[in-house]
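Undergrad: One file is attached below, model_6.txt, containing compact mmCIF, C-alpha atoms.
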```
# COMPACT_ATOMS: atom_id res chain seq x y z
CA MET A 5 0.00 0.00 0.00
CA ARG A 6 2.87 2.38 0.66
CA THR A 7 4.18 1.86 -2.88
CA PHE A 8 0.72 2.50 -4.29
CA ALA A 9 0.22 5.62 -2.16
CA PHE A 10 3.64 7.04 -3.04
CA ALA A 11 3.07 6.39 -6.76
CA SER A 12 -0.35 8.07 -6.51
CA TYR A 13 1.16 11.14 -4.87
CA SER A 14 3.81 11.24 -7.61
CA LEU A 15 1.14 11.27 -10.31
CA TYR A 16 -0.59 14.19 -8.63
CA PHE A 17 2.81 15.92 -8.54
CA LEU A 18 3.00 15.43 -12.32
CA ALA A 19 -0.53 16.82 -12.70
CA GLY A 20 0.51 19.90 -10.75
CA LEU A 21 3.48 20.44 -13.05
CA VAL A 22 1.31 20.08 -16.13
CA ILE A 23 -1.48 22.39 -14.96
CA THR A 24 0.87 25.34 -14.42
CA THR A 25 3.28 24.89 -17.34
CA ILE A 26 1.32 26.99 -19.83
CA GLY A 27 0.46 29.66 -17.26
CA SER A 28 4.09 29.99 -16.16
CA VAL A 29 5.23 30.88 -19.67
CA MET A 30 1.97 32.30 -21.04
CA PRO A 31 3.26 35.85 -21.81
CA HIS A 32 6.31 34.44 -23.61
CA LEU A 33 4.33 31.79 -25.49
CA LEU A 34 1.82 34.37 -26.73
CA ALA A 35 4.62 36.80 -27.64
CA HIS A 36 6.45 34.08 -29.60
CA TYR A 37 3.34 33.32 -31.66
CA GLU A 38 2.20 36.99 -31.74
CA GLN A 39 -1.15 36.23 -30.10
CA SER A 40 -3.34 38.26 -27.69
CA TYR A 41 -4.51 37.41 -24.18
CA THR A 42 -7.95 36.69 -25.64
CA VAL A 43 -6.38 33.94 -27.73
CA GLY A 44 -4.55 32.77 -24.61
CA GLY A 45 -7.87 32.48 -22.81
CA GLN A 46 -9.31 30.55 -25.75
CA MET A 47 -6.32 28.20 -25.66
CA VAL A 48 -6.96 27.58 -21.96
CA PHE A 49 -10.62 26.93 -22.82
CA VAL A 50 -9.67 24.27 -25.39
CA SER A 51 -7.29 22.76 -22.86
CA ALA A 52 -10.07 22.57 -20.28
CA VAL A 53 -12.41 20.97 -22.82
CA GLY A 54 -9.73 18.30 -23.16
CA PHE A 55 -9.82 17.89 -19.38
CA ILE A 56 -13.59 17.40 -19.50
CA ALA A 57 -13.24 14.86 -22.31
CA GLY A 58 -10.61 13.01 -20.30
CA VAL A 59 -13.17 11.97 -17.67
CA PRO A 60 -15.39 9.76 -19.88
CA ILE A 61 -12.32 8.63 -21.82
CA SER A 62 -10.75 7.39 -18.58
CA ALA A 63 -13.97 5.53 -17.73
CA TRP A 64 -13.93 3.88 -21.17
CA LEU A 65 -10.26 2.95 -20.81
CA MET A 66 -11.02 1.36 -17.44
CA LYS A 67 -13.45 -0.99 -19.17
CA VAL A 68 -11.03 -1.79 -22.00
CA LEU A 69 -7.76 -2.12 -20.07
CA LYS A 70 -9.39 -3.53 -16.90
CA LYS A 71 -6.59 -2.41 -14.54
CA GLU A 72 -6.26 1.13 -13.23
CA LYS A 73 -2.45 1.08 -13.40
CA TYR A 74 -2.46 0.62 -17.17
CA VAL A 75 -4.88 3.54 -17.60
CA LEU A 76 -2.58 5.71 -15.49
CA ALA A 77 0.55 4.62 -17.39
CA LEU A 78 -1.13 5.38 -20.72
CA SER A 79 -2.26 8.80 -19.44
CA ALA A 80 1.33 9.65 -18.47
CA ILE A 81 2.52 8.61 -21.94
CA VAL A 82 -0.05 10.92 -23.57
CA ILE A 83 1.22 13.81 -21.42
CA ALA A 84 4.84 13.02 -22.35
CA ILE A 85 4.07 13.02 -26.08
CA ALA A 86 2.18 16.31 -25.85
CA GLN A 87 4.87 18.05 -23.78
CA PHE A 88 7.73 16.85 -26.00
CA SER A 89 5.87 18.14 -29.04
CA VAL A 90 5.12 21.59 -27.58
CA TRP A 91 8.79 21.88 -26.57
CA SER A 92 9.68 21.89 -30.28
CA LEU A 93 7.45 25.00 -30.76
CA PRO A 94 5.33 23.74 -33.66
CA PRO A 95 2.77 25.98 -35.44
CA PHE A 96 0.31 27.53 -32.98
CA GLY A 97 -2.58 25.36 -34.12
CA TRP A 98 -0.62 22.30 -33.10
CA VAL A 99 0.16 23.85 -29.70
CA VAL A 100 -3.58 24.19 -29.04
CA THR A 101 -4.24 20.59 -30.15
CA LEU A 102 -1.37 19.17 -28.11
CA ASN A 103 -2.50 21.09 -25.04
CA PHE A 104 -5.92 19.48 -25.51
CA LEU A 105 -4.32 16.00 -25.45
CA ASN A 106 -2.22 17.02 -22.50
CA SER A 107 -5.37 17.85 -20.54
CA VAL A 108 -7.02 14.55 -21.47
CA GLY A 109 -4.12 12.72 -19.83
CA THR A 110 -4.20 14.97 -16.77
CA ALA A 111 -7.95 14.47 -16.26
CA ALA A 112 -7.61 10.70 -16.49
CA ILE A 113 -4.88 10.75 -13.85
CA GLU A 114 -6.83 12.94 -11.42
CA CYS A 115 -10.11 11.07 -11.85
CA VAL A 116 -8.71 7.52 -11.54
CA VAL A 117 -6.33 8.28 -8.65
CA ALA A 118 -8.95 10.22 -6.63
CA THR A 119 -11.53 7.45 -7.09
CA LEU A 120 -9.04 4.79 -6.02
CA MET A 121 -7.94 6.68 -2.93
CA MET A 122 -11.49 7.39 -1.76
CA ASP A 123 -12.55 3.79 -2.29
CA VAL A 124 -9.58 2.49 -0.30
CA PHE A 125 -9.38 5.08 2.52
CA VAL A 126 -13.05 5.62 3.37
CA GLY A 127 -12.54 6.73 6.97
CA ARG A 128 -9.79 9.21 6.18
CA ARG A 129 -10.78 10.59 2.79
CA ALA A 130 -10.16 14.22 3.70
CA VAL A 131 -6.72 13.48 5.14
CA VAL A 132 -5.63 11.37 2.16
CA MET A 133 -7.02 13.86 -0.35
CA SER A 134 -5.12 16.62 1.43
CA TYR A 135 -1.91 14.62 0.92
CA LEU A 136 -2.74 14.21 -2.77
CA GLU A 137 -3.38 17.92 -3.04
CA VAL A 138 -0.07 18.67 -1.31
CA SER A 139 1.66 16.60 -3.98
CA PHE A 140 -0.28 18.45 -6.68
CA GLY A 141 0.63 21.76 -5.08
CA ILE A 142 4.33 20.91 -4.92
CA GLY A 143 4.24 20.20 -8.64
CA ALA A 144 2.34 23.42 -9.31
CA LEU A 145 4.90 25.26 -7.19
CA CYS A 146 7.98 23.73 -8.81
CA MET A 147 7.00 24.53 -12.39
CA PRO A 148 6.84 28.36 -12.01
CA LEU A 149 10.18 28.27 -10.19
CA ILE A 150 11.70 26.15 -12.93
CA ALA A 151 10.11 28.38 -15.57
CA SER A 152 11.42 31.56 -13.95
CA VAL A 153 15.00 30.22 -14.16
CA LEU A 154 14.52 29.15 -17.77
CA ILE A 155 12.92 32.51 -18.65
CA ALA A 156 15.88 34.32 -17.11
CA ASN A 157 18.14 32.26 -19.40
CA GLN A 158 15.84 32.84 -22.42
CA VAL A 159 15.01 29.15 -22.89
CA TRP A 160 11.45 29.18 -21.50
CA GLN A 161 10.28 26.43 -23.87
CA TYR A 162 12.38 23.87 -21.97
CA SER A 163 9.69 23.94 -19.28
CA PHE A 164 7.77 21.49 -21.47
CA LEU A 165 10.79 19.19 -21.76
CA VAL A 166 11.07 18.91 -17.95
CA THR A 167 7.43 17.82 -17.66
CA ALA A 168 7.76 15.36 -20.54
CA CYS A 169 10.73 13.58 -18.95
CA ILE A 170 8.94 13.22 -15.59
CA ALA A 171 5.85 11.85 -17.36
CA ILE A 172 7.93 9.13 -19.03
CA ILE A 173 9.35 8.09 -15.65
CA MET A 174 5.85 7.92 -14.14
CA ALA A 175 4.54 5.84 -17.05
CA ALA A 176 7.33 3.31 -16.49
CA ILE A 177 6.65 3.13 -12.75
CA TRP A 178 2.92 2.50 -13.18
CA CYS A 179 3.50 -0.30 -15.68
CA PHE A 180 5.10 -2.37 -12.94
CA ILE A 181 3.55 -1.17 -9.68
CA PRO A 182 2.02 -4.04 -7.63
CA PHE A 183 -1.51 -3.09 -6.64
CA ALA A 184 -4.92 -4.75 -6.54
CA LYS A 185 -7.83 -2.78 -5.07
CA GLU A 186 -9.59 -5.96 -3.96
CA GLY A 187 -6.75 -6.79 -1.57
CA THR A 188 -6.56 -3.50 0.26
CA GLU A 189 -7.66 -2.77 3.82
CA VAL A 190 -9.67 0.29 4.75
CA ALA A 191 -7.68 2.53 7.09
CA GLU A 192 -8.95 3.84 10.42
CA SER A 193 -11.00 7.01 10.57
CA LEU A 194 -9.01 10.22 10.94
CA ASP A 195 -11.44 12.88 9.67
CA ALA A 196 -13.37 15.07 12.10
CA ASP A 197 -16.81 13.95 13.23
CA ILE A 198 -19.54 15.15 10.90
CA ALA A 199 -23.27 14.68 10.59
CA PRO A 200 -24.17 11.34 8.96
CA PRO A 201 -25.11 11.37 5.26
CA PRO A 202 -28.57 12.87 4.80
CA MET A 203 -31.71 10.97 3.90
CA PHE A 204 -33.18 12.34 0.68
CA LYS A 205 -36.98 12.41 0.62
CA THR A 206 -37.16 12.64 -3.16
CA LYS A 207 -34.86 12.07 -6.13
CA GLN A 208 -35.41 15.70 -7.08
CA ILE A 209 -33.86 16.92 -3.80
CA LYS A 210 -31.00 14.48 -4.25
CA ARG A 211 -30.30 15.84 -7.76
CA TYR A 212 -30.50 19.41 -6.46
CA ILE A 213 -27.88 18.83 -3.76
CA LEU A 214 -25.64 16.94 -6.19
CA PHE A 215 -25.94 19.82 -8.65
CA ALA A 216 -25.08 22.26 -5.83
CA PHE A 217 -21.83 20.41 -5.09
CA VAL A 218 -20.96 20.22 -8.78
CA PHE A 219 -21.64 23.95 -9.11
CA LEU A 220 -19.32 24.68 -6.17
CA ILE A 221 -16.51 22.82 -7.92
CA PHE A 222 -17.35 24.64 -11.14
CA MET A 223 -16.99 28.03 -9.46
CA TYR A 224 -13.87 27.16 -7.47
CA SER A 225 -12.08 25.76 -10.52
CA GLY A 226 -12.92 28.96 -12.35
CA ILE A 227 -11.06 30.90 -9.66
CA GLU A 228 -8.04 28.61 -9.51
CA GLY A 229 -7.85 28.17 -13.29
CA SER A 230 -7.95 31.92 -13.86
CA LEU A 231 -5.19 32.53 -11.32
CA ASN A 232 -3.06 29.66 -12.63
CA HIS A 233 -3.07 30.96 -16.17
CA PHE A 234 -3.17 34.72 -15.69
CA MET A 235 -1.47 35.44 -12.36
CA SER A 236 1.82 36.42 -14.01
CA SER A 237 -0.04 38.46 -16.63
CA ILE A 238 -2.04 40.23 -13.90
CA PHE A 239 1.19 41.19 -12.14
CA LEU A 240 2.70 42.45 -15.40
CA ASN A 241 -0.29 44.65 -16.25
CA HIS A 242 -1.77 45.56 -12.87
CA LEU A 243 1.47 46.19 -10.98
CA GLU A 244 3.97 46.63 -13.85
CA VAL A 245 6.62 44.34 -12.35
CA THR A 246 9.31 42.62 -14.47
CA PRO A 247 8.49 39.30 -16.20
CA TYR A 248 10.84 37.46 -13.82
CA TYR A 249 8.99 38.63 -10.69
CA ALA A 250 5.63 38.18 -12.39
CA SER A 251 6.42 34.50 -12.95
CA LEU A 252 7.50 34.15 -9.31
CA SER A 253 4.03 35.30 -8.20
CA ILE A 254 2.65 31.90 -9.26
CA GLY A 255 5.44 30.24 -7.30
CA LEU A 256 4.50 32.17 -4.16
CA PHE A 257 0.84 31.32 -4.68
CA TRP A 258 1.59 27.59 -4.89
CA THR A 259 4.07 27.70 -2.02
CA ALA A 260 1.22 28.95 0.14
CA MET A 261 -1.11 26.33 -1.38
CA VAL A 262 1.31 23.54 -0.45
CA ILE A 263 1.67 24.81 3.13
CA GLY A 264 -2.09 25.21 3.46
CA ARG A 265 -2.78 21.74 2.08
CA ALA A 266 -0.27 20.19 4.44
CA ALA A 267 -2.08 21.95 7.30
CA THR A 268 -5.47 20.79 5.96
CA GLY A 269 -4.59 17.19 6.86
CA TRP A 270 -4.39 18.32 10.50
CA ILE A 271 -7.18 20.92 10.51
CA ILE A 272 -9.78 18.61 9.00
CA ARG A 273 -9.35 16.24 11.94
CA LYS A 274 -10.77 18.95 14.19
CA VAL A 275 -13.12 20.99 11.95
CA ASN A 276 -16.00 19.60 9.92
CA TYR A 277 -16.20 19.97 6.15
CA ALA A 278 -18.83 22.73 6.06
CA SER A 279 -17.03 25.02 8.52
CA TYR A 280 -13.70 24.54 6.75
CA LEU A 281 -15.16 25.47 3.37
CA ARG A 282 -17.16 28.42 4.73
CA TRP A 283 -14.18 30.16 6.33
CA SER A 284 -11.78 29.27 3.52
CA MET A 285 -13.91 30.80 0.80
CA PHE A 286 -14.81 33.86 2.90
CA GLY A 287 -11.08 34.50 3.38
CA THR A 288 -10.47 34.03 -0.33
CA LEU A 289 -13.15 36.60 -1.19
CA VAL A 290 -11.70 39.19 1.19
CA VAL A 291 -8.15 38.73 -0.13
CA ILE A 292 -9.15 39.00 -3.80
CA VAL A 293 -11.08 42.21 -3.11
CA MET A 294 -8.05 43.66 -1.33
CA PHE A 295 -5.83 42.63 -4.24
CA ALA A 296 -8.10 44.48 -6.69
CA LEU A 297 -8.10 47.64 -4.56
CA TRP A 298 -4.43 47.76 -3.49
CA ARG A 299 -1.87 48.44 -6.24
CA ASP A 300 1.39 48.02 -4.34
CA ALA A 301 3.71 45.20 -5.49
CA VAL A 302 4.93 44.21 -2.01
CA VAL A 303 1.41 44.12 -0.60
CA ALA A 304 0.25 42.19 -3.67
CA PHE A 305 2.84 39.46 -3.08
CA ILE A 306 1.67 39.18 0.55
CA LEU A 307 -1.94 38.94 -0.60
CA VAL A 308 -1.03 36.22 -3.10
CA ILE A 309 0.42 34.17 -0.22
CA MET A 310 -2.76 34.70 1.81
CA MET A 311 -4.85 33.73 -1.22
CA GLY A 312 -2.94 30.48 -1.56
CA LEU A 313 -3.50 29.66 2.12
CA THR A 314 -7.24 30.31 2.05
CA MET A 315 -7.80 28.41 -1.20
CA SER A 316 -5.50 25.49 -0.40
CA GLY A 317 -8.00 22.83 0.67
CA VAL A 318 -11.20 23.97 -1.00
CA TYR A 319 -11.11 21.58 -3.96
CA SER A 320 -10.27 18.42 -2.03
CA ILE A 321 -12.65 19.08 0.88
CA THR A 322 -15.50 19.96 -1.49
CA MET A 323 -14.94 16.64 -3.26
CA VAL A 324 -14.80 14.73 0.03
CA TYR A 325 -17.91 16.53 1.35
CA ALA A 326 -19.77 15.54 -1.82
CA ASN A 327 -18.71 11.90 -1.50
CA HIS A 328 -19.74 11.90 2.17
CA THR A 329 -23.17 13.22 1.21
CA PHE A 330 -23.68 10.52 -1.42
CA PRO A 331 -22.27 7.24 0.00
CA GLY A 332 -21.88 4.37 -2.45
CA MET A 333 -21.63 6.78 -5.41
CA THR A 334 -17.86 7.42 -5.33
CA ARG A 335 -17.17 6.79 -9.02
CA LEU A 336 -20.10 8.92 -10.23
CA VAL A 337 -19.52 11.79 -7.78
CA THR A 338 -15.76 11.89 -8.36
CA SER A 339 -16.23 11.80 -12.13
CA LEU A 340 -18.77 14.63 -12.03
CA VAL A 341 -16.57 16.71 -9.74
CA THR A 342 -13.53 16.18 -11.96
CA ALA A 343 -15.46 16.92 -15.16
CA PHE A 344 -17.02 20.13 -13.87
CA ALA A 345 -13.69 21.19 -12.42
CA GLY A 346 -12.45 21.04 -16.00
CA PHE A 347 -15.55 22.87 -17.21
CA GLY A 348 -14.97 25.70 -14.73
CA ALA A 349 -11.32 25.86 -15.71
CA ALA A 350 -12.48 26.17 -19.33
CA VAL A 351 -15.17 28.83 -19.10
CA PHE A 352 -13.73 31.30 -16.62
CA PRO A 353 -10.14 31.70 -17.89
CA ALA A 354 -11.60 32.43 -21.33
CA LEU A 355 -13.76 35.13 -19.74
CA ILE A 356 -10.80 36.51 -17.79
CA GLY A 357 -8.58 36.60 -20.89
CA TYR A 358 -11.27 38.49 -22.81
CA SER A 359 -11.83 40.85 -19.87
CA MET A 360 -8.12 41.66 -19.61
CA ASP A 361 -8.00 42.61 -23.28
CA HIS A 362 -11.22 44.64 -23.41
CA SER A 363 -11.89 46.07 -19.94
CA GLY A 364 -8.59 45.82 -18.06
CA THR A 365 -6.97 43.82 -15.29
CA VAL A 366 -8.96 45.36 -12.42
CA SER A 367 -12.20 44.32 -14.08
CA ALA A 368 -10.86 40.77 -14.40
CA LEU A 369 -10.04 40.72 -10.68
CA TRP A 370 -13.59 41.79 -9.79
CA TYR A 371 -14.91 38.93 -11.92
CA ILE A 372 -12.75 36.49 -9.94
CA ALA A 373 -14.05 37.98 -6.68
CA SER A 374 -17.62 37.44 -7.87
CA PHE A 375 -16.88 33.75 -8.46
CA ALA A 376 -15.82 33.42 -4.81
CA ALA A 377 -18.98 35.22 -3.65
CA ILE A 378 -21.23 32.90 -5.66
CA TYR A 379 -19.47 29.83 -4.21
CA LEU A 380 -20.07 31.14 -0.70
CA ILE A 381 -23.75 31.85 -1.36
CA ILE A 382 -24.43 28.35 -2.73
CA LEU A 383 -22.54 26.72 0.16
CA LEU A 384 -24.44 28.67 2.81
CA LEU A 385 -27.93 28.94 1.32
CA GLY A 386 -28.02 25.67 -0.58
CA ILE A 387 -26.05 22.85 1.00
CA GLY A 388 -25.73 24.44 4.45
CA ARG A 389 -29.48 25.01 4.85
CA PHE A 390 -30.25 21.48 3.63
CA TYR A 391 -27.94 19.91 6.22
CA GLN A 392 -29.41 22.16 8.93
CA LYS A 393 -32.94 21.00 8.08
CA GLN A 394 -31.74 17.38 8.30
CA THR A 395 -30.28 18.08 11.73
CA ASP A 396 -33.51 19.74 12.93
CA VAL A 397 -35.58 16.75 11.73
CA THR A 398 -33.23 14.32 13.52
CA LEU A 399 -33.43 16.27 16.80
CA ASN A 400 -37.21 16.44 16.64
```
Can you dump the structure from the file as structure tokens?
TA:
Amino acid sequence: MRTFAFASYSLYFLAGLVITTIGSVMPHLLAHYEQSYTVGGQMVFVSAVGFIAGVPISAWLMKVLKKEKYVLALSAIVIAIAQFSVWSLPPFGWVVTLNFLNSVGTAAIECVVATLMMDVFVGRRAVVMSYLEVSFGIGALCMPLIASVLIANQVWQYSFLVTACIAIIMAAIWCFIPFAKEGTEVAESLDADIAPPPMFKTKQIKRYILFAFVFLIFMYSGIEGSLNHFMSSIFLNHLEVTPYYASLSIGLFWTAMVIGRAATGWIIRKVNYASYLRWSMFGTLVVIVMFALWRDAVVAFILVIMMGLTMSGVYSITMVYANHTFPGMTRLVTSLVTAFAGFGAAVFPALIGYSMDHSGTVSALWYIASFAAIYLIILLLGIGRFYQKQTDVTLN
């Protein structure tokens, strides 16, 4: 089990590298191909569509290949091929297509690994998912740092070569990893006590709550996707810092994300899912508003760190909360969460890229703040009220 867990964390590390590669070099990539930020947003949209497509493709591959490890190895190979090809700087149309394939592989990895981990570690889902997200965050942190060094040496395109080489290594590892889900033992419970899964009176209510969770992921992924791809561009335009420091802003953001996710594994043992999400997203909203209003570079870097801390565990705990609410539906819930995470990462960065070109960076920041506000409203007035009614019925 340790080998399986370590290999799973390594795949999430690869996914973190992949998800921030384009964003880390976005200004330079667009400048090389003489494209606008609107086109950059459209490229991110196509990439996210690939992520969405990767969810049903991974389900189909599971039926064909039978074993999860072969699906994961194939996904890593797809990523390696795409990254090697982009490294060669082909015509821009090919870059868009290859980034689509890259996202298909990433989605398959995230969906299959998350489903496996939640099936195996039922009593400690939040803790295990926080470890996965730490691994993802380390990858997302390392890539901007690597990219900033390569940018400083005017070889930014080698960022794609780094990711390709790691993907090949991961594909080889997963071809030979010994693991059978049927032989695993469920670990002891480590998550905080929480109300038992609710009883749904009608299928309509059940669909409504499931849609609410999916919508939360949709909104959150819009925030994270927009920041991943346009953080450096926001710093360049909003604060007029140098490209080197602009690229480091993503590194600071993911450093804070990694620290926050590591802390989530401890916090979630003491705080229930709803409270964690409520305070995390409220903090995120406050920080984004301050970022939009305050145009000082030093303060902005501090706010980016705070933003990373408040956002760090939102994705994983939302997914775990959804799976807790719908027991016995792990594969469906995880697939829906992963797919709509990709959908959010497709729609909102395209909107942010268009906004930056036509109405300015400040306007784009206010859009991102509105995404956080909508998440908070749905959490409090939708899911929160439903759970409260369930508690009231139980007490009566």
Undergrad: State, in Å with one decimal place, the distance from atom CA of Ser12 of chain A to atom CA of Gly27 of chain A.
TA: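 Taking atom CA of Ser12 of chain A and atom CA of Gly27 of chain A, their separation equals 24.1 Å.
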Undergrad: As an exercise, work out the distance from atom CA of Thr338 of chain A to atom CA of Phe180 of chain A in Å and give it to one decimal place.
TA: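 So the two atoms, atom CA of Thr338 of chain A and atom CA of Phe180 of chain A, lie 25.7 Å apart.
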Undergrad: Could you tell me which of A:Ile173, A:Lys67, A:Asp123, A:Val117 comes closest to His328 of chain A if we count all atoms listed in the file?
TA: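 The answer is A:Asp123, which sits nearest to His328 of chain A.
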Undergrad: Of the residues A:Thr342, A:Thr268, A:Met47, A:Gly287, which is the one nearest to Trp98 of chain A, using all atoms listed in the file?
TA: A:Met47
Undergrad: At what distance in Å, to one decimal, does atom CA of Trp283 of chain A lie from atom CA of Ser230 of chain A?
TA: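 It comes out at 21.2 Å.
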Undergrad: Go through A:Thr7, A:Ser279, A:Thr365, A:Thr101 and flag the residue nearest Met235 of chain A, using all atoms listed in the file for the distances.
TA: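 That would be A:Thr365, the residue with the smallest distance to Met235 of chain A.
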Undergrad: Smallest atom-to-atom distance to Phe257 of chain A: which of A:Met311, A:Ala86, A:Val75, A:Val366, using only C-alpha atoms?
TA: A:Met311
Undergrad: Compile the contact shell of Pro31 of chain A as an mmCIF file with C-alpha atoms, in the frame of the given file: residues with an atom at most 12 Å away, counting only C-alpha atoms, same-chain residues fewer than 2 positions apart removed.
TA:
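Okay, part.cif is ready:
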```
data_model
loop_
_atom_site.group_PDB
_atom_site.id
_atom_site.type_symbol
_atom_site.label_atom_id
_atom_site.label_comp_id
_atom_site.auth_asym_id
_atom_site.auth_seq_id
_atom_site.Cartn_x
_atom_site.Cartn_y
_atom_site.Cartn_z
ATOM 1 C CA THR A 25 3.280 24.890 -17.340
ATOM 2 C CA ILE A 26 1.320 26.990 -19.830
ATOM 3 C CA GLY A 27 0.460 29.660 -17.260
ATOM 4 C CA SER A 28 4.090 29.990 -16.160
ATOM 5 C CA VAL A 29 5.230 30.880 -19.670
ATOM 6 C CA LEU A 33 4.330 31.790 -25.490
ATOM 7 C CA LEU A 34 1.820 34.370 -26.730
ATOM 8 C CA ALA A 35 4.620 36.800 -27.640
ATOM 9 C CA HIS A 36 6.450 34.080 -29.600
ATOM 10 C CA TYR A 37 3.340 33.320 -31.660
ATOM 11 C CA GLU A 38 2.200 36.990 -31.740
ATOM 12 C CA GLN A 39 -1.150 36.230 -30.100
ATOM 13 C CA SER A 40 -3.340 38.260 -27.690
ATOM 14 C CA TYR A 41 -4.510 37.410 -24.180
ATOM 15 C CA THR A 42 -7.950 36.690 -25.640
ATOM 16 C CA VAL A 43 -6.380 33.940 -27.730
ATOM 17 C CA GLY A 44 -4.550 32.770 -24.610
ATOM 18 C CA GLY A 45 -7.870 32.480 -22.810
ATOM 19 C CA ALA A 151 10.110 28.380 -15.570
ATOM 20 C CA ILE A 155 12.920 32.510 -18.650
ATOM 21 C CA TRP A 160 11.450 29.180 -21.500
ATOM 22 C CA GLN A 161 10.280 26.430 -23.870
ATOM 23 C CA HIS A 233 -3.070 30.960 -16.170
ATOM 24 C CA PHE A 234 -3.170 34.720 -15.690
ATOM 25 C CA MET A 235 -1.470 35.440 -12.360
ATOM 26 C CA SER A 236 1.820 36.420 -14.010
ATOM 27 C CA SER A 237 -0.040 38.460 -16.630
ATOM 28 C CA ILE A 238 -2.040 40.230 -13.900
ATOM 29 C CA PHE A 239 1.190 41.190 -12.140
ATOM 30 C CA LEU A 240 2.700 42.450 -15.400
ATOM 31 C CA ASN A 241 -0.290 44.650 -16.250
ATOM 32 C CA THR A 246 9.310 42.620 -14.470
ATOM 33 C CA PRO A 247 8.490 39.300 -16.200
ATOM 34 C CA TYR A 248 10.840 37.460 -13.820
ATOM 35 C CA ALA A 250 5.630 38.180 -12.390
ATOM 36 C CA SER A 251 6.420 34.500 -12.950
ATOM 37 C CA GLY A 357 -8.580 36.600 -20.890
#
```
Undergrad: Applying 7 Å and all atoms listed in the file, which residues near Ser225 of chain A remain after dropping the ones on its own chain fewer than 6 positions away? List them as a short mmCIF file (atom, residue, chain, number, x, y, z; two decimals) with C-alpha atoms, keeping the file's coordinate frame.
TA:
```cif
data_model
loop_
_atom_site.label_atom_id
_atom_site.label_comp_id
_atom_site.auth_asym_id
_atom_site.auth_seq_id
_atom_site.Cartn_x
_atom_site.Cartn_y
_atom_site.Cartn_z
CA ALA A 345 -13.69 21.19 -12.42
CA GLY A 348 -14.97 25.70 -14.73
CA ALA A 349 -11.32 25.86 -15.71
#
```
Undergrad: In terms of the shortest atom-to-atom distance over all atoms listed in the file, which of A:Ile83, A:Ile181, A:Leu252, A:Met261 is closest to Gly109 of chain A?
TA: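 Using all atoms listed in the file, the shortest distance to Gly109 of chain A belongs to A:Ile83.
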Undergrad: Using only C-alpha atoms, which of the listed residues (A:Met323, A:Met121, A:Val291, A:Val159) sits closest to Leu307 of chain A?
TA: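 Result for the nearest residue to Leu307 of chain A: A:Val291.
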Undergrad: Save segment 277-288 of chain A of the structure in the block above to a file, with N, CA and C atoms included, as a PDB file, in the first residue's frame.
TA:
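Output (decode15.pdb):
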```pdb
ATOM      1  N   TYR A 277     -16.366  19.536   7.538  1.00  0.00           N
ATOM      2  CA  TYR A 277     -16.201  19.970   6.148  1.00  0.00           C
ATOM      3  C   TYR A 277     -16.849  21.327   5.880  1.00  0.00           C
ATOM      4  N   ALA A 278     -18.074  21.511   6.358  1.00  0.00           N
ATOM      5  CA  ALA A 278     -18.826  22.734   6.058  1.00  0.00           C
ATOM      6  C   ALA A 278     -18.136  23.968   6.638  1.00  0.00           C
ATOM      7  N   SER A 279     -17.697  23.875   7.893  1.00  0.00           N
ATOM      8  CA  SER A 279     -17.025  25.018   8.521  1.00  0.00           C
ATOM      9  C   SER A 279     -15.721  25.354   7.816  1.00  0.00           C
ATOM     10  N   TYR A 280     -14.970  24.323   7.456  1.00  0.00           N
ATOM     11  CA  TYR A 280     -13.702  24.540   6.754  1.00  0.00           C
ATOM     12  C   TYR A 280     -13.929  25.297   5.448  1.00  0.00           C
ATOM     13  N   LEU A 281     -14.897  24.847   4.664  1.00  0.00           N
ATOM     14  CA  LEU A 281     -15.163  25.470   3.369  1.00  0.00           C
ATOM     15  C   LEU A 281     -15.701  26.886   3.528  1.00  0.00           C
ATOM     16  N   ARG A 282     -16.559  27.094   4.513  1.00  0.00           N
ATOM     17  CA  ARG A 282     -17.158  28.418   4.728  1.00  0.00           C
ATOM     18  C   ARG A 282     -16.086  29.462   5.023  1.00  0.00           C
ATOM     19  N   TRP A 283     -15.202  29.171   5.956  1.00  0.00           N
ATOM     20  CA  TRP A 283     -14.185  30.156   6.327  1.00  0.00           C
ATOM     21  C   TRP A 283     -13.100  30.291   5.264  1.00  0.00           C
ATOM     22  N   SER A 284     -12.790  29.209   4.579  1.00  0.00           N
ATOM     23  CA  SER A 284     -11.777  29.271   3.520  1.00  0.00           C
ATOM     24  C   SER A 284     -12.224  30.179   2.383  1.00  0.00           C
ATOM     25  N   MET A 285     -13.457  30.007   1.942  1.00  0.00           N
ATOM     26  CA  MET A 285     -13.909  30.804   0.803  1.00  0.00           C
ATOM     27  C   MET A 285     -14.196  32.247   1.200  1.00  0.00           C
ATOM     28  N   PHE A 286     -14.631  32.473   2.436  1.00  0.00           N
ATOM     29  CA  PHE A 286     -14.807  33.857   2.901  1.00  0.00           C
ATOM     30  C   PHE A 286     -13.456  34.576   2.905  1.00  0.00           C
ATOM     31  N   GLY A 287     -12.417  33.908   3.396  1.00  0.00           N
ATOM     32  CA  GLY A 287     -11.083  34.498   3.385  1.00  0.00           C
ATOM     33  C   GLY A 287     -10.593  34.770   1.975  1.00  0.00           C
ATOM     34  N   THR A 288     -10.871  33.851   1.069  1.00  0.00           N
ATOM     35  CA  THR A 288     -10.474  34.034  -0.331  1.00  0.00           C
ATOM     36  C   THR A 288     -11.134  35.270  -0.926  1.00  0.00           C
TER      37      THR A 288
END
```
